[in-house]
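Everything below concerns the one structure shown next.
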Amino acid sequence: MKFELIPQDQMSPQFLFYIIIAILIIDFAIDKFINHLNAKHFDDKIPSELTDVYSEKEYFKSQAYKKENYRFSLFKSLFTMLLTLLFFMFKGFAWVDSVSRSYSDNEIIIALIFFGIIMIGSDILGTPFSYYHTFIIEEKYGFNKSSKRLFLADKLKGLLLSAAIGGGILAIIIWFYQMTGETFWIYTWLFIGVFTIFVTMFYSSLIVPLFNKQSPLEEGELKDAIFDFSKKTDFTLDNIYVIDGSKRSTKANAYFSGFGARKRIVLYDTLINDLNTEEIVAVLAHEIGHYKKKHVFINMILSLVVTGITLYLFSLFIDNAILSKALSVNIPSFHIGLITFGILYSPISEITGIFMNIISRKFEYQADDFAKNEFNGSALVSSLKKLSKNSLSNLTPHKANVFIHYSHPTLLQRVKNLNS
Ligand SMILES: [Zn+2]
């Protein structure tokens with residue numbers, strides 16, 4: 001006897017279709033409501049701890065910037081939602097499925113064509129929006145440094161990369177499914193685990209060079225200060241790189257990648273321009289704090305556990321023909337099952353996302369504390385303020401928005417913690 005999670009005689013495909021539409025609409029409505037709440041607090045008084053972030057002129061600029069971004073994202077999401085609903089109503093997936101089937105009898109090839117069409121279609125619809133965001137909004141506020149040629153090259157490289165990596169992974173997973181049936185999830189899980197470790201280790205040497213130039217940090221005061229600090233905290237650091245982020249945007253950043261002997265710290269050239277030596281070392285101290293507190297490792301384990309649970313749940317549903325019928329597709333298939341499951345699962349993944357953000361914000365406090373205790377809290381405060389100023393950040397986000405969407409505590413929370 002076979003265990004069925006959804007008994008087919010008790011739920012009609014029609015009913016499942018309505019559940020899917022309901023999930024899409026409710027998810028959209030909640031998201032818009034949170035954004036609306038957040039926008040209502042755009043004009044709140046700046047907390048006293050942060051009054052030195054903006055001059056009056058910069059403050060007005062930041063107000064205009066966040067309002068413009070809010071209107072833009074509202075329009076974009078309304079447009080996307082409308083098209084998505086129409087696509088579902090007019091049996092878009094069934095149509096793409098039959099087009100894909102007209103080219104091949106092989107389930108793997110069909111799935112690749114299917115997702116290829118979906119991906120290219122949504123990319124074509126999304127491109128005018130990202131073009132407008134980069135060349136109209138970011139340009140207007142002085143952030144954009146990208147040229148149209150670079151924008152196009154990024155777009156093409158991104159598409160090719162996701163076709164190669166996404167297509168490869170999809171083909172392997174469907175092959176596992178064909179070979180092993182329901183237990184495919186275990187092999188898929190192992191495969192994704194190995195792949196994640198591989199990408200974490202080689203991200204900087206394989207993916208980043210496709211988009212950016214990285215060069216070792218040159219000798220001098222900054223490098224000496226960084227090495228002094230890393231020696232003091234017993235952190236072996238052989239790789240500090242500078243990345244040419246300035247070719248796309250004036251916004252600054254720094255990150256940590258890889259582990260073991262392959263770990264490296266990457267500084268945006270914009271960060272080096274904006275901050276002084278003391279402030280940069282404070283940012284690095286924060287990044288080293290993440291490493292020392294094993295956050296990189298814990299995050300990887302957590303995401304593997306979440307992936308395992310998701311794949312297991314998917315394996316319980318995948319054989320059920322109702323997943324395909326709900327989208328008016330008569331021939332059940334892995335790729336249609338994946339789409340339906342993805343939507344049914346989205347409320348759960350929203351919740352795990354919130355949970356991951358809570359953990360992430362905890363980790364950020366810990367990394368800040370590390371920088372405060374081992375280096376200098378006030379240098380980190382002034383670097384965080386400068387970075388917020390230079391990206392025209394919203395200093396008064398709404399609590400609900402922070403709770404759901406923020407992977408970092410707010411600037412105010414971080415400053416309070418660092419000053420305490
Ligand atoms: Zn951090």
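Naming scheme: A, B, ... for chains in displayed order of the structure tokens; residues 1 onward per chain; ligands 1 onward as shown.
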- request: Using only C-alpha atoms and all ligand atoms, determine which residues fall within 12 Å of ligand 1, then list them as number ranges by chain.
  value: A: 253-256, 282-291, 293, 295-296, 359-371, 380, 384, 407-409, 414
Can you pull out the residues contacting Gly342 in chain A? Cut-off 12 Å, using only C-alpha atoms, and skip same-chain residues under 6 positions away; I want them as a PDB file with C-alpha atoms, in the first residue's frame.
ATOM      1  CA  ILE A  20      -2.417  27.842  -5.071  1.00  0.00           C
ATOM      2  CA  ILE A  23      -1.389  31.349  -1.406  1.00  0.00           C
ATOM      3  CA  LEU A  24      -0.098  33.649  -4.149  1.00  0.00           C
ATOM      4  CA  THR A 310      12.253  20.459   2.111  1.00  0.00           C
ATOM      5  CA  LEU A 311      13.453  17.683  -0.183  1.00  0.00           C
ATOM      6  CA  LEU A 313       8.532  16.793   1.990  1.00  0.00           C
ATOM      7  CA  PHE A 314       8.804  17.191  -1.773  1.00  0.00           C
ATOM      8  CA  PHE A 317       4.204  14.778  -2.913  1.00  0.00           C
ATOM      9  CA  ILE A 318       6.070  14.223  -6.149  1.00  0.00           C
ATOM     10  CA  LEU A 323       0.169  18.306  -8.524  1.00  0.00           C
ATOM     11  CA  PHE A 334       8.761  16.150 -12.131  1.00  0.00           C
ATOM     12  CA  HIS A 335       9.006  19.723 -13.388  1.00  0.00           C
ATOM     13  CA  ILE A 336       5.291  20.542 -13.015  1.00  0.00           C
ATOM     14  CA  ILE A 348       6.650  27.348   5.131  1.00  0.00           C
ATOM     15  CA  SER A 349       9.721  28.782   3.459  1.00  0.00           C
ATOM     16  CA  GLU A 350       8.570  32.293   4.458  1.00  0.00           C
TER      17      GLU A 350
END
statement: Of A:Ser382, A:Asp27, A:Tyr70, A:Glu221, the one nearest to Tyr345 in chain A when counting only C-alpha atoms is A:Asp27
Please list as a PDB file with all heavy atoms, in the first residue's frame every residue within 12 Å of Ile207 in chain A, counting only C-alpha atoms and excluding residues in the same chain fewer than 2 positions away.
ATOM      1  N   LYS A 157      25.807  37.091 -19.056  1.00  0.00           N
ATOM      2  CA  LYS A 157      26.613  36.167 -18.251  1.00  0.00           C
ATOM      3  C   LYS A 157      25.763  35.508 -17.171  1.00  0.00           C
ATOM      4  O   LYS A 157      25.881  34.318 -16.911  1.00  0.00           O
ATOM      5  CB  LYS A 157      27.761  36.927 -17.580  1.00  0.00           C
ATOM      6  CG  LYS A 157      28.935  37.190 -18.508  1.00  0.00           C
ATOM      7  CD  LYS A 157      30.081  37.790 -17.689  1.00  0.00           C
ATOM      8  CE  LYS A 157      30.784  38.885 -18.454  1.00  0.00           C
ATOM      9  NZ  LYS A 157      31.673  39.678 -17.590  1.00  0.00           N
ATOM     10  N   GLY A 158      24.897  36.325 -16.545  1.00  0.00           N
ATOM     11  CA  GLY A 158      24.025  35.797 -15.497  1.00  0.00           C
ATOM     12  C   GLY A 158      23.109  34.711 -16.037  1.00  0.00           C
ATOM     13  O   GLY A 158      22.929  33.662 -15.419  1.00  0.00           O
ATOM     14  N   LEU A 161      25.169  31.589 -16.855  1.00  0.00           N
ATOM     15  CA  LEU A 161      25.592  30.926 -15.623  1.00  0.00           C
ATOM     16  C   LEU A 161      24.430  30.169 -14.988  1.00  0.00           C
ATOM     17  O   LEU A 161      24.577  29.014 -14.573  1.00  0.00           O
ATOM     18  CB  LEU A 161      26.132  31.988 -14.657  1.00  0.00           C
ATOM     19  CG  LEU A 161      26.984  31.494 -13.504  1.00  0.00           C
ATOM     20  CD1 LEU A 161      28.271  30.893 -14.024  1.00  0.00           C
ATOM     21  CD2 LEU A 161      27.292  32.637 -12.541  1.00  0.00           C
ATOM     22  N   SER A 162      23.240  30.807 -14.924  1.00  0.00           N
ATOM     23  CA  SER A 162      22.139  30.085 -14.291  1.00  0.00           C
ATOM     24  C   SER A 162      21.644  28.952 -15.178  1.00  0.00           C
ATOM     25  O   SER A 162      21.170  27.932 -14.660  1.00  0.00           O
ATOM     26  CB  SER A 162      20.999  31.009 -13.856  1.00  0.00           C
ATOM     27  OG  SER A 162      20.718  31.941 -14.838  1.00  0.00           O
ATOM     28  N   ILE A 165      24.484  26.185 -14.452  1.00  0.00           N
ATOM     29  CA  ILE A 165      24.445  25.621 -13.107  1.00  0.00           C
ATOM     30  C   ILE A 165      23.054  25.080 -12.779  1.00  0.00           C
ATOM     31  O   ILE A 165      22.892  23.917 -12.390  1.00  0.00           O
ATOM     32  CB  ILE A 165      24.879  26.667 -12.056  1.00  0.00           C
ATOM     33  CG1 ILE A 165      26.356  27.030 -12.277  1.00  0.00           C
ATOM     34  CG2 ILE A 165      24.682  26.129 -10.644  1.00  0.00           C
ATOM     35  CD1 ILE A 165      26.887  28.084 -11.338  1.00  0.00           C
ATOM     36  N   PHE A 198      31.499  22.942  -2.333  1.00  0.00           N
ATOM     37  CA  PHE A 198      32.339  23.263  -3.484  1.00  0.00           C
ATOM     38  C   PHE A 198      32.212  24.747  -3.858  1.00  0.00           C
ATOM     39  O   PHE A 198      33.215  25.445  -4.028  1.00  0.00           O
ATOM     40  CB  PHE A 198      31.934  22.374  -4.669  1.00  0.00           C
ATOM     41  CG  PHE A 198      32.670  22.681  -5.941  1.00  0.00           C
ATOM     42  CD1 PHE A 198      33.951  22.178  -6.156  1.00  0.00           C
ATOM     43  CD2 PHE A 198      32.092  23.484  -6.911  1.00  0.00           C
ATOM     44  CE1 PHE A 198      34.630  22.477  -7.321  1.00  0.00           C
ATOM     45  CE2 PHE A 198      32.769  23.792  -8.082  1.00  0.00           C
ATOM     46  CZ  PHE A 198      34.045  23.279  -8.286  1.00  0.00           C
ATOM     47  N   VAL A 199      30.970  25.231  -3.946  1.00  0.00           N
ATOM     48  CA  VAL A 199      30.757  26.636  -4.331  1.00  0.00           C
ATOM     49  C   VAL A 199      31.332  27.579  -3.274  1.00  0.00           C
ATOM     50  O   VAL A 199      31.967  28.584  -3.602  1.00  0.00           O
ATOM     51  CB  VAL A 199      29.256  26.935  -4.569  1.00  0.00           C
ATOM     52  CG1 VAL A 199      29.010  28.428  -4.724  1.00  0.00           C
ATOM     53  CG2 VAL A 199      28.781  26.207  -5.808  1.00  0.00           C
ATOM     54  N   THR A 200      31.114  27.237  -1.977  1.00  0.00           N
ATOM     55  CA  THR A 200      31.650  28.090  -0.912  1.00  0.00           C
ATOM     56  C   THR A 200      33.160  28.199  -1.025  1.00  0.00           C
ATOM     57  O   THR A 200      33.745  29.258  -0.831  1.00  0.00           O
ATOM     58  CB  THR A 200      31.282  27.512   0.470  1.00  0.00           C
ATOM     59  OG1 THR A 200      29.902  27.166   0.450  1.00  0.00           O
ATOM     60  CG2 THR A 200      31.517  28.523   1.565  1.00  0.00           C
ATOM     61  N   MET A 201      33.804  27.091  -1.375  1.00  0.00           N
ATOM     62  CA  MET A 201      35.267  27.103  -1.455  1.00  0.00           C
ATOM     63  C   MET A 201      35.781  27.814  -2.696  1.00  0.00           C
ATOM     64  O   MET A 201      36.793  28.511  -2.647  1.00  0.00           O
ATOM     65  CB  MET A 201      35.812  25.673  -1.415  1.00  0.00           C
ATOM     66  CG  MET A 201      35.841  25.100  -0.008  1.00  0.00           C
ATOM     67  SD  MET A 201      36.363  23.391   0.007  1.00  0.00           S
ATOM     68  CE  MET A 201      38.111  23.576  -0.294  1.00  0.00           C
ATOM     69  N   PHE A 202      35.090  27.629  -3.813  1.00  0.00           N
ATOM     70  CA  PHE A 202      35.647  28.134  -5.071  1.00  0.00           C
ATOM     71  C   PHE A 202      34.907  29.343  -5.642  1.00  0.00           C
ATOM     72  O   PHE A 202      35.217  29.791  -6.738  1.00  0.00           O
ATOM     73  CB  PHE A 202      35.709  27.005  -6.111  1.00  0.00           C
ATOM     74  CG  PHE A 202      36.668  25.923  -5.705  1.00  0.00           C
ATOM     75  CD1 PHE A 202      36.208  24.769  -5.101  1.00  0.00           C
ATOM     76  CD2 PHE A 202      38.039  26.086  -5.892  1.00  0.00           C
ATOM     77  CE1 PHE A 202      37.104  23.775  -4.704  1.00  0.00           C
ATOM     78  CE2 PHE A 202      38.932  25.106  -5.499  1.00  0.00           C
ATOM     79  CZ  PHE A 202      38.464  23.946  -4.906  1.00  0.00           C
ATOM     80  N   TYR A 203      33.929  29.875  -4.888  1.00  0.00           N
ATOM     81  CA  TYR A 203      33.157  31.032  -5.343  1.00  0.00           C
ATOM     82  C   TYR A 203      34.071  32.167  -5.816  1.00  0.00           C
ATOM     83  O   TYR A 203      33.915  32.706  -6.909  1.00  0.00           O
ATOM     84  CB  TYR A 203      32.256  31.498  -4.195  1.00  0.00           C
ATOM     85  CG  TYR A 203      31.524  32.793  -4.441  1.00  0.00           C
ATOM     86  CD1 TYR A 203      30.439  32.834  -5.301  1.00  0.00           C
ATOM     87  CD2 TYR A 203      31.926  33.967  -3.811  1.00  0.00           C
ATOM     88  CE1 TYR A 203      29.768  34.022  -5.535  1.00  0.00           C
ATOM     89  CE2 TYR A 203      31.260  35.161  -4.042  1.00  0.00           C
ATOM     90  CZ  TYR A 203      30.184  35.188  -4.894  1.00  0.00           C
ATOM     91  OH  TYR A 203      29.534  36.369  -5.129  1.00  0.00           O
ATOM     92  N   SER A 204      35.059  32.489  -4.974  1.00  0.00           N
ATOM     93  CA  SER A 204      35.941  33.619  -5.287  1.00  0.00           C
ATOM     94  C   SER A 204      36.820  33.376  -6.503  1.00  0.00           C
ATOM     95  O   SER A 204      37.154  34.306  -7.223  1.00  0.00           O
ATOM     96  CB  SER A 204      36.849  33.927  -4.099  1.00  0.00           C
ATOM     97  OG  SER A 204      36.090  34.482  -3.080  1.00  0.00           O
ATOM     98  N   SER A 205      37.206  32.122  -6.725  1.00  0.00           N
ATOM     99  CA  SER A 205      38.112  31.884  -7.844  1.00  0.00           C
ATOM    100  C   SER A 205      37.388  31.485  -9.131  1.00  0.00           C
ATOM    101  O   SER A 205      37.938  31.614 -10.216  1.00  0.00           O
ATOM    102  CB  SER A 205      39.171  30.842  -7.466  1.00  0.00           C
ATOM    103  OG  SER A 205      38.601  29.810  -6.722  1.00  0.00           O
ATOM    104  N   PRO A 209      35.403  36.128 -10.710  1.00  0.00           N
ATOM    105  CA  PRO A 209      36.166  36.667 -11.848  1.00  0.00           C
ATOM    106  C   PRO A 209      35.337  36.855 -13.117  1.00  0.00           C
ATOM    107  O   PRO A 209      35.742  37.601 -14.004  1.00  0.00           O
ATOM    108  CB  PRO A 209      37.254  35.607 -12.078  1.00  0.00           C
ATOM    109  CG  PRO A 209      37.359  34.880 -10.798  1.00  0.00           C
ATOM    110  CD  PRO A 209      35.991  34.887 -10.194  1.00  0.00           C
ATOM    111  N   LEU A 210      34.182  36.196 -13.214  1.00  0.00           N
ATOM    112  CA  LEU A 210      33.332  36.391 -14.390  1.00  0.00           C
ATOM    113  C   LEU A 210      32.752  37.806 -14.418  1.00  0.00           C
ATOM    114  O   LEU A 210      32.414  38.331 -15.472  1.00  0.00           O
ATOM    115  CB  LEU A 210      32.179  35.382 -14.395  1.00  0.00           C
ATOM    116  CG  LEU A 210      32.538  33.904 -14.486  1.00  0.00           C
ATOM    117  CD1 LEU A 210      31.291  33.052 -14.323  1.00  0.00           C
ATOM    118  CD2 LEU A 210      33.210  33.615 -15.818  1.00  0.00           C
ATOM    119  N   PHE A 211      32.638  38.408 -13.225  1.00  0.00           N
ATOM    120  CA  PHE A 211      31.972  39.704 -13.140  1.00  0.00           C
ATOM    121  C   PHE A 211      32.894  40.836 -12.676  1.00  0.00           C
ATOM    122  O   PHE A 211      32.644  41.994 -12.976  1.00  0.00           O
ATOM    123  CB  PHE A 211      30.771  39.611 -12.187  1.00  0.00           C
ATOM    124  CG  PHE A 211      29.710  38.663 -12.669  1.00  0.00           C
ATOM    125  CD1 PHE A 211      29.703  37.326 -12.276  1.00  0.00           C
ATOM    126  CD2 PHE A 211      28.730  39.095 -13.545  1.00  0.00           C
ATOM    127  CE1 PHE A 211      28.729  36.448 -12.734  1.00  0.00           C
ATOM    128  CE2 PHE A 211      27.750  38.231 -14.001  1.00  0.00           C
ATOM    129  CZ  PHE A 211      27.748  36.907 -13.611  1.00  0.00           C
ATOM    130  N   ASN A 212      33.924  40.491 -11.908  1.00  0.00           N
ATOM    131  CA  ASN A 212      34.767  41.527 -11.312  1.00  0.00           C
ATOM    132  C   ASN A 212      36.241  41.168 -11.367  1.00  0.00           C
ATOM    133  O   ASN A 212      36.608  40.004 -11.492  1.00  0.00           O
ATOM    134  CB  ASN A 212      34.395  41.726  -9.838  1.00  0.00           C
ATOM    135  CG  ASN A 212      33.132  42.538  -9.670  1.00  0.00           C
ATOM    136  OD1 ASN A 212      32.046  41.981  -9.607  1.00  0.00           O
ATOM    137  ND2 ASN A 212      33.283  43.833  -9.624  1.00  0.00           N
ATOM    138  N   LYS A 213      37.037  42.217 -11.241  1.00  0.00           N
ATOM    139  CA  LYS A 213      38.476  42.012 -11.099  1.00  0.00           C
ATOM    140  C   LYS A 213      38.811  42.036  -9.614  1.00  0.00           C
ATOM    141  O   LYS A 213      38.357  42.910  -8.887  1.00  0.00           O
ATOM    142  CB  LYS A 213      39.221  43.144 -11.805  1.00  0.00           C
ATOM    143  CG  LYS A 213      40.231  42.628 -12.823  1.00  0.00           C
ATOM    144  CD  LYS A 213      41.061  43.759 -13.377  1.00  0.00           C
ATOM    145  CE  LYS A 213      40.835  43.891 -14.860  1.00  0.00           C
ATOM    146  NZ  LYS A 213      40.449  45.180 -15.337  1.00  0.00           N
ATOM    147  N   GLN A 214      39.624  41.072  -9.172  1.00  0.00           N
ATOM    148  CA  GLN A 214      40.069  41.080  -7.785  1.00  0.00           C
ATOM    149  C   GLN A 214      41.574  41.188  -7.777  1.00  0.00           C
ATOM    150  O   GLN A 214      42.235  40.493  -8.538  1.00  0.00           O
ATOM    151  CB  GLN A 214      39.705  39.767  -7.083  1.00  0.00           C
ATOM    152  CG  GLN A 214      38.238  39.450  -7.046  1.00  0.00           C
ATOM    153  CD  GLN A 214      37.984  38.062  -6.463  1.00  0.00           C
ATOM    154  OE1 GLN A 214      37.627  37.918  -5.324  1.00  0.00           O
ATOM    155  NE2 GLN A 214      38.207  37.041  -7.263  1.00  0.00           N
ATOM    156  N   SER A 257      34.656  35.039   2.352  1.00  0.00           N
ATOM    157  CA  SER A 257      34.217  33.842   1.626  1.00  0.00           C
ATOM    158  C   SER A 257      35.178  32.687   1.840  1.00  0.00           C
ATOM    159  O   SER A 257      36.321  32.884   2.229  1.00  0.00           O
ATOM    160  CB  SER A 257      34.029  34.144   0.137  1.00  0.00           C
ATOM    161  OG  SER A 257      35.261  34.074  -0.526  1.00  0.00           O
TER     162      SER A 257
END
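Counting from CA of Lys91 in chain A, the distance to CA of Tyr131 in chain A is 29.3 Å.
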message: Excluding Thr236 in chain A and its own-chain neighbours fewer than 5 positions away, which residues fall within 10 Å of it when counting only C-alpha atoms? Please give them as an MDAnalysis selection string.
response: chainID A and resid 227 230:231 260:261 263
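The closest residue to Lys140 in chain A, picked from A:Val53, A:Ala64, A:Ile354, A:Ala39 and counting only C-alpha atoms, is A:Ala64.
Non-sequential neighbours of Val305 in chain A (distance at most 12 Å, separation of 3 or more positions within a chain, only C-alpha atoms) are A:Trp189, A:Leu190, A:Ile192, A:Gly193, A:Ile298, A:Asn299, A:Met300, A:Ile301, A:Leu302, A:Gly308, A:Ile309, A:Thr310, A:Leu311, A:Tyr312, A:Thr352, A:Met356.
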message: Need to verify the contact set: Ser391 in chain A, 7 Å, only C-alpha atoms, exclusion of same-chain residues closer than 3 positions in sequence. Can you return it as a ChimeraX atom specification?
response: /A:251,387-388
